[in-house]
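Report on the following structure.
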Amino acid sequence: MSNIEPKWTEEELGSDGISKKDLVAYLQESGSNDFLLAHKLNGKLASVVKTAKKPALVTAYKELFETKQFRSSTEVPASEVKKEKTQVAAAAAAGDNEAKAAKKEQPTDEAKYTKKVTKKGSGDRKPQKGDRKPQKGDRVSVFYTGRLQDGTEFDSNIKTKGRKAPTPLVFKVGTGRVIRGWDEALLTMVKGEKATLEIQPEWAYGQRGVEASGIPANATLIFDVELVDLE
């Protein structure tokens, strides 16, 4: 969704013809999960509509187009996004339960993706001691192009109109903001690395697919990704 256009005019937004439900549904469909969390618009549609105020929704709508924090096809549905723990609480939990957490995080099922490195990270040099892979909760910046097995491209943040520079997708990895195949694969990469991921339906969109993006049910997805940065 890198080039979506505003759906309503200023006049239409101020009219009774556009309801809170219309605005919330549109924002959840178009805004990134980070954007939705920042504006408290994540969660089930009915619950968000019940607590939201229309002036705040109009402001969020305008900000969406000003900041261009549009939804990527790799992100999980807005209704599944949970509010993260505060940094203090997360740090305390990590300190008290590090051993238990490490044990629980060990994968119990077979990986549902494959990764082929197309460009080594850190300048193609031999890995150094300072090179590190992302940890869960790190903010990563990613360029990507997604396609189906038949080669049909359904999303990309690399191709832009005119001379506008592409903008990487930024999110906290390993927190469920994107499909599991992405979360798992990016945790194995280093800064500057490029790879081709083939993600099975179980770690992509499964039986539901994403009709709006042209992703059918039970589709195996292929992504060319580049880990641009991590912090």
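Chain identifiers are assigned as A, B, and so on, following the order in which chains appear in the structure tokens; residues are numbered from 1 within each chain, and ligands are numbered from 1 in order of appearance.
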
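Within range 143-228 of chain A, residues classed as helix (DSSP H, G or I) by DSSP on backbone coordinates are A:Arg180, A:Gly181, A:Trp182, A:Asp183, A:Glu184, A:Ala185, A:Leu186, A:Pro201, A:Glu202, A:Trp203, A:Glu211, A:Ala212, A:Ser213.
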
Please build the interface table for range 136-194 of chain A against range 59-71 of chain A with a cut-off of 10 Å, listing for each qualifying residue the nearest atom pair and the distance in Å to one decimal; count only C-alpha atoms, order rows by chain and increasing number, and write it as a Markdown table.
| residue | atom | partner | partner_atom | distance |
| --- | --- | --- | --- | --- |
| A:Thr167 | CA | A:Lys68 | CA | 9.7 |
| A:Leu169 | CA | A:Gln69 | CA | 8.9 |
| A:Val170 | CA | A:Gln69 | CA | 9.5 |

* Exercise: Arg180 in chain A partners within 10 Å, only C-alpha atoms, chain neighbours under 5 positions left out, as a ChimeraX atom specification -> /A:74-76,112-113,173-175,185-186,199,202-205

Can I get the selection written as a PDB file, in the first residue's frame, with N, CA, C and O atoms?
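Generated file (again_21.pdb):
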ATOM      1  N   THR A  74       2.841  -7.585   4.778  1.00  0.00           N
ATOM      2  CA  THR A  74       3.448  -8.564   5.684  1.00  0.00           C
ATOM      3  C   THR A  74       2.921  -8.440   7.107  1.00  0.00           C
ATOM      4  O   THR A  74       3.198  -9.299   7.937  1.00  0.00           O
ATOM      5  N   GLU A  75       2.175  -7.380   7.404  1.00  0.00           N
ATOM      6  CA  GLU A  75       1.727  -7.154   8.773  1.00  0.00           C
ATOM      7  C   GLU A  75       0.492  -7.986   9.104  1.00  0.00           C
ATOM      8  O   GLU A  75      -0.368  -8.235   8.261  1.00  0.00           O
ATOM      9  N   VAL A  76       0.400  -8.392  10.367  1.00  0.00           N
ATOM     10  CA  VAL A  76      -0.758  -9.158  10.822  1.00  0.00           C
ATOM     11  C   VAL A  76      -1.958  -8.222  10.919  1.00  0.00           C
ATOM     12  O   VAL A  76      -1.804  -7.007  11.015  1.00  0.00           O
ATOM     13  N   LYS A 112       8.780 -23.202   8.957  1.00  0.00           N
ATOM     14  CA  LYS A 112       7.915 -23.175   7.783  1.00  0.00           C
ATOM     15  C   LYS A 112       8.403 -22.156   6.755  1.00  0.00           C
ATOM     16  O   LYS A 112       7.614 -21.500   6.090  1.00  0.00           O
ATOM     17  N   TYR A 113       9.721 -22.010   6.672  1.00  0.00           N
ATOM     18  CA  TYR A 113      10.279 -21.120   5.662  1.00  0.00           C
ATOM     19  C   TYR A 113      11.687 -21.588   5.307  1.00  0.00           C
ATOM     20  O   TYR A 113      12.319 -22.323   6.061  1.00  0.00           O
ATOM     21  N   VAL A 173      10.840  -6.256  15.523  1.00  0.00           N
ATOM     22  CA  VAL A 173      10.872  -7.646  15.073  1.00  0.00           C
ATOM     23  C   VAL A 173      10.609  -8.609  16.231  1.00  0.00           C
ATOM     24  O   VAL A 173      10.919  -8.325  17.386  1.00  0.00           O
ATOM     25  N   GLY A 174      10.009  -9.747  15.898  1.00  0.00           N
ATOM     26  CA  GLY A 174       9.771 -10.781  16.901  1.00  0.00           C
ATOM     27  C   GLY A 174       8.629 -10.488  17.844  1.00  0.00           C
ATOM     28  O   GLY A 174       8.476 -11.164  18.866  1.00  0.00           O
ATOM     29  N   THR A 175       7.797  -9.490  17.521  1.00  0.00           N
ATOM     30  CA  THR A 175       6.701  -9.108  18.415  1.00  0.00           C
ATOM     31  C   THR A 175       5.333  -9.356  17.795  1.00  0.00           C
ATOM     32  O   THR A 175       4.321  -8.902  18.322  1.00  0.00           O
ATOM     33  N   ALA A 185      12.674 -15.265  10.212  1.00  0.00           N
ATOM     34  CA  ALA A 185      13.788 -15.142   9.268  1.00  0.00           C
ATOM     35  C   ALA A 185      14.670 -13.935   9.579  1.00  0.00           C
ATOM     36  O   ALA A 185      15.907 -14.019   9.535  1.00  0.00           O
ATOM     37  N   LEU A 186      14.053 -12.807   9.902  1.00  0.00           N
ATOM     38  CA  LEU A 186      14.841 -11.597  10.159  1.00  0.00           C
ATOM     39  C   LEU A 186      15.721 -11.725  11.391  1.00  0.00           C
ATOM     40  O   LEU A 186      16.766 -11.073  11.486  1.00  0.00           O
ATOM     41  N   ILE A 199       8.101 -18.660   2.174  1.00  0.00           N
ATOM     42  CA  ILE A 199       7.355 -18.863   3.415  1.00  0.00           C
ATOM     43  C   ILE A 199       6.090 -19.661   3.152  1.00  0.00           C
ATOM     44  O   ILE A 199       5.250 -19.277   2.325  1.00  0.00           O
ATOM     45  N   GLU A 202       1.462 -21.712   6.548  1.00  0.00           N
ATOM     46  CA  GLU A 202       1.299 -21.745   8.007  1.00  0.00           C
ATOM     47  C   GLU A 202       1.985 -20.565   8.689  1.00  0.00           C
ATOM     48  O   GLU A 202       1.550 -20.136   9.763  1.00  0.00           O
ATOM     49  N   TRP A 203       3.061 -20.052   8.096  1.00  0.00           N
ATOM     50  CA  TRP A 203       3.778 -18.920   8.679  1.00  0.00           C
ATOM     51  C   TRP A 203       3.574 -17.654   7.851  1.00  0.00           C
ATOM     52  O   TRP A 203       4.287 -16.671   8.006  1.00  0.00           O
ATOM     53  N   ALA A 204       2.547 -17.685   6.976  1.00  0.00           N
ATOM     54  CA  ALA A 204       2.188 -16.497   6.201  1.00  0.00           C
ATOM     55  C   ALA A 204       0.742 -16.141   6.552  1.00  0.00           C
ATOM     56  O   ALA A 204       0.450 -15.752   7.668  1.00  0.00           O
ATOM     57  N   TYR A 205      -0.183 -16.328   5.607  1.00  0.00           N
ATOM     58  CA  TYR A 205      -1.577 -15.948   5.864  1.00  0.00           C
ATOM     59  C   TYR A 205      -2.532 -17.126   5.885  1.00  0.00           C
ATOM     60  O   TYR A 205      -3.747 -16.935   5.974  1.00  0.00           O
TER      61      TYR A 205
END

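Here CA of Pro77 in chain A stands at a distance of 11.9 Å from CA of Leu41 in chain A.
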
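Picture a line from CA of Gly121 in chain A to CA of Ser73 in chain A; it runs 24.7 Å.
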
* Asked: Contacts of range 144-146 of chain A at 6 Å or less, counting only C-alpha atoms, minus same-chain residues fewer than 4 places along, as JSON, numbers by chain?
  -> {"A": [153, 154, 155, 156, 222, 223, 224, 225]}

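Closest approach to Ser30 in chain A among A:Ala46, A:Ala52, A:Lys136, A:Lys7 is made by A:Lys7 (distances from only C-alpha atoms).
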
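Distance-wise, CA of Gln135 in chain A and CA of Leu187 in chain A end up 6.5 Å apart.
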